Amino acid sequence: MFCKHKWNLLSETITESKFEHVIKQLERAGLTANVQIPWQLSDGSRKHIQTFTCEKCGGLKRFTEDI
């Protein structure tokens, strides 16, 4: 019931921003010259997501930070 957690890193991910995703898809389609991107897709924010598991009780914890 009461556990003094000992967290181990299970996975760590940094997502790509909306802008990076749009650019990647445009390059994949071969449309890199003179393309106007809507302002809604010009967001450069990303997320850093870490998932931890407790060595003692098996609990899971996820931390998400905006970058």
# chains A, B, ... in the order shown; residues from 1 in each chain; ligands from 1
$ residues_around --residues "Asp43 in chain A" --least-positions-apart "3" --cutoff "8 Å" --atoms "only C-alpha atoms" --output "PyMOL selection string"
chain A and resi 17-19+39-40
$ write_last_selection --atoms "N, CA and C atoms" --output "CSV table (one decimal), in the first residue's frame"
chain,number,residue,atom,x,y,z
A,17,SER,N,7.2,18.5,-33.8
A,17,SER,CA,6.3,19.5,-33.8
A,17,SER,C,5.4,19.4,-35.0
A,18,LYS,N,4.3,20.2,-35.0
A,18,LYS,CA,3.4,20.2,-36.2
A,18,LYS,C,4.1,20.7,-37.4
A,19,PHE,N,5.0,21.7,-37.2
A,19,PHE,CA,5.7,22.3,-38.3
A,19,PHE,C,6.7,21.2,-38.9
A,39,TRP,N,-1.1,29.1,-40.8
A,39,TRP,CA,-0.6,29.5,-39.6
A,39,TRP,C,-0.8,28.5,-38.4
A,40,GLN,N,-1.9,27.7,-38.5
A,40,GLN,CA,-2.2,26.7,-37.5
A,40,GLN,C,-1.2,25.6,-37.4
$ residues_around --residues "Ile23 in chain A" --least-positions-apart "3" --cutoff "12 Å" --atoms "only C-alpha atoms" --output "JSON, numbers by chain"
{"A": [16, 17, 18, 19, 20, 26, 27, 28, 29, 30, 31, 32, 33, 35, 36, 37, 41, 42, 43, 44]}
$ select_by_dssp --residues "range 1-34 of chain A" --states "strand (DSSP E)" --output "MDAnalysis selection string"
chainID A and resid 7:14
$ select_by_dssp --residues "chain A" --states "alpha helix (DSSP H)" --output "PyMOL selection string"
chain A and resi 18-29
$ write_last_selection --atoms "N, CA and C atoms" --output "PDB file, in the first residue's frame"
ATOM      1  N   LYS A  18       4.270  20.200 -35.010  1.00  0.00           N
ATOM      2  CA  LYS A  18       3.369  20.221 -36.162  1.00  0.00           C
ATOM      3  C   LYS A  18       4.116  20.695 -37.400  1.00  0.00           C
ATOM      4  N   PHE A  19       4.967  21.704 -37.233  1.00  0.00           N
ATOM      5  CA  PHE A  19       5.723  22.256 -38.350  1.00  0.00           C
ATOM      6  C   PHE A  19       6.679  21.213 -38.931  1.00  0.00           C
ATOM      7  N   GLU A  20       7.416  20.502 -38.065  1.00  0.00           N
ATOM      8  CA  GLU A  20       8.334  19.466 -38.537  1.00  0.00           C
ATOM      9  C   GLU A  20       7.584  18.359 -39.279  1.00  0.00           C
ATOM     10  N   HIS A  21       6.416  17.996 -38.768  1.00  0.00           N
ATOM     11  CA  HIS A  21       5.618  16.957 -39.405  1.00  0.00           C
ATOM     12  C   HIS A  21       5.154  17.389 -40.797  1.00  0.00           C
ATOM     13  N   VAL A  22       4.678  18.630 -40.924  1.00  0.00           N
ATOM     14  CA  VAL A  22       4.213  19.138 -42.221  1.00  0.00           C
ATOM     15  C   VAL A  22       5.367  19.175 -43.216  1.00  0.00           C
ATOM     16  N   ILE A  23       6.523  19.669 -42.794  1.00  0.00           N
ATOM     17  CA  ILE A  23       7.683  19.743 -43.686  1.00  0.00           C
ATOM     18  C   ILE A  23       8.095  18.348 -44.142  1.00  0.00           C
ATOM     19  N   LYS A  24       8.105  17.386 -43.229  1.00  0.00           N
ATOM     20  CA  LYS A  24       8.472  16.016 -43.573  1.00  0.00           C
ATOM     21  C   LYS A  24       7.502  15.428 -44.597  1.00  0.00           C
ATOM     22  N   GLN A  25       6.199  15.683 -44.417  1.00  0.00           N
ATOM     23  CA  GLN A  25       5.203  15.161 -45.349  1.00  0.00           C
ATOM     24  C   GLN A  25       5.293  15.845 -46.712  1.00  0.00           C
ATOM     25  N   LEU A  26       5.598  17.146 -46.725  1.00  0.00           N
ATOM     26  CA  LEU A  26       5.764  17.845 -47.996  1.00  0.00           C
ATOM     27  C   LEU A  26       6.985  17.323 -48.756  1.00  0.00           C
ATOM     28  N   GLU A  27       8.081  17.078 -48.036  1.00  0.00           N
ATOM     29  CA  GLU A  27       9.282  16.524 -48.685  1.00  0.00           C
ATOM     30  C   GLU A  27       9.004  15.126 -49.215  1.00  0.00           C
ATOM     31  N   ARG A  28       8.244  14.364 -48.462  1.00  0.00           N
ATOM     32  CA  ARG A  28       7.893  13.004 -48.889  1.00  0.00           C
ATOM     33  C   ARG A  28       7.053  13.028 -50.168  1.00  0.00           C
ATOM     34  N   ALA A  29       6.188  14.033 -50.310  1.00  0.00           N
ATOM     35  CA  ALA A  29       5.340  14.168 -51.492  1.00  0.00           C
ATOM     36  C   ALA A  29       6.049  14.892 -52.627  1.00  0.00           C
TER      37      ALA A  29
END
$ closest_residue --among "A:Asn34, A:Lys61, A:Lys56, A:Lys47" --to "Leu9 in chain A" --atoms "only C-alpha atoms"
A:Lys61
$ decode --residues "range 2-34 of chain A" --atoms "N, CA and C atoms" --output "short mmCIF file (atom, residue, chain, number, x, y, z; two decimals), in the first residue's frame"
data_model
loop_
_atom_site.label_atom_id
_atom_site.label_comp_id
_atom_site.auth_asym_id
_atom_site.auth_seq_id
_atom_site.Cartn_x
_atom_site.Cartn_y
_atom_site.Cartn_z
N PHE A 2 1.84 1.33 0.89
CA PHE A 2 2.74 2.47 0.92
C PHE A 2 4.09 2.01 0.40
N CYS A 3 4.53 2.62 -0.67
CA CYS A 3 5.78 2.20 -1.31
C CYS A 3 6.70 3.41 -1.44
N LYS A 4 7.93 3.27 -1.05
CA LYS A 4 8.94 4.28 -1.32
C LYS A 4 9.53 3.91 -2.68
N HIS A 5 8.99 4.53 -3.70
CA HIS A 5 9.26 4.12 -5.08
C HIS A 5 10.73 4.22 -5.45
N LYS A 6 11.15 3.28 -6.28
CA LYS A 6 12.47 3.30 -6.91
C LYS A 6 12.18 3.23 -8.42
N TRP A 7 12.15 4.43 -9.06
CA TRP A 7 11.74 4.54 -10.44
C TRP A 7 12.86 4.15 -11.40
N ASN A 8 12.49 3.37 -12.42
CA ASN A 8 13.40 3.02 -13.51
C ASN A 8 12.78 3.55 -14.80
N LEU A 9 13.63 4.15 -15.65
CA LEU A 9 13.16 4.69 -16.92
C LEU A 9 12.79 3.55 -17.86
N LEU A 10 11.55 3.55 -18.32
CA LEU A 10 11.06 2.52 -19.23
C LEU A 10 11.16 2.98 -20.68
N SER A 11 10.74 4.20 -20.95
CA SER A 11 10.85 4.75 -22.30
C SER A 11 10.93 6.27 -22.23
N GLU A 12 11.51 6.83 -23.28
CA GLU A 12 11.68 8.28 -23.38
C GLU A 12 11.48 8.68 -24.84
N THR A 13 10.61 9.66 -25.07
CA THR A 13 10.28 10.07 -26.43
C THR A 13 10.18 11.58 -26.50
N ILE A 14 10.67 12.14 -27.60
CA ILE A 14 10.46 13.55 -27.91
C ILE A 14 9.66 13.59 -29.20
N THR A 15 8.46 14.16 -29.13
CA THR A 15 7.59 14.21 -30.30
C THR A 15 8.08 15.28 -31.27
N GLU A 16 7.67 15.16 -32.52
CA GLU A 16 8.01 16.21 -33.47
C GLU A 16 6.89 17.25 -33.46
N SER A 17 7.25 18.47 -33.79
CA SER A 17 6.27 19.55 -33.79
C SER A 17 5.37 19.44 -35.02
N LYS A 18 4.27 20.20 -35.01
CA LYS A 18 3.37 20.22 -36.16
C LYS A 18 4.12 20.69 -37.40
N PHE A 19 4.97 21.70 -37.23
CA PHE A 19 5.72 22.26 -38.35
C PHE A 19 6.68 21.21 -38.93
N GLU A 20 7.42 20.50 -38.07
CA GLU A 20 8.33 19.47 -38.54
C GLU A 20 7.58 18.36 -39.28
N HIS A 21 6.42 18.00 -38.77
CA HIS A 21 5.62 16.96 -39.40
C HIS A 21 5.15 17.39 -40.80
N VAL A 22 4.68 18.63 -40.92
CA VAL A 22 4.21 19.14 -42.22
C VAL A 22 5.37 19.17 -43.22
N ILE A 23 6.52 19.67 -42.79
CA ILE A 23 7.68 19.74 -43.69
C ILE A 23 8.09 18.35 -44.14
N LYS A 24 8.11 17.39 -43.23
CA LYS A 24 8.47 16.02 -43.57
C LYS A 24 7.50 15.43 -44.60
N GLN A 25 6.20 15.68 -44.42
CA GLN A 25 5.20 15.16 -45.35
C GLN A 25 5.29 15.85 -46.71
N LEU A 26 5.60 17.15 -46.73
CA LEU A 26 5.76 17.85 -48.00
C LEU A 26 6.98 17.32 -48.76
N GLU A 27 8.08 17.08 -48.04
CA GLU A 27 9.28 16.52 -48.68
C GLU A 27 9.00 15.13 -49.21
N ARG A 28 8.24 14.36 -48.46
CA ARG A 28 7.89 13.00 -48.89
C ARG A 28 7.05 13.03 -50.17
N ALA A 29 6.19 14.03 -50.31
CA ALA A 29 5.34 14.17 -51.49
C ALA A 29 6.05 14.89 -52.63
N GLY A 30 7.25 15.43 -52.37
CA GLY A 30 8.00 16.14 -53.40
C GLY A 30 7.53 17.56 -53.63
N LEU A 31 6.90 18.17 -52.65
CA LEU A 31 6.36 19.52 -52.77
C LEU A 31 7.11 20.49 -51.87
N THR A 32 8.35 20.78 -52.18
CA THR A 32 9.14 21.63 -51.29
C THR A 32 9.26 23.07 -51.77
N ALA A 33 8.94 23.37 -53.00
CA ALA A 33 9.15 24.72 -53.53
C ALA A 33 7.87 25.55 -53.44
N ASN A 34 7.97 26.74 -52.86
CA ASN A 34 6.89 27.73 -52.80
C ASN A 34 5.57 27.18 -52.25
#
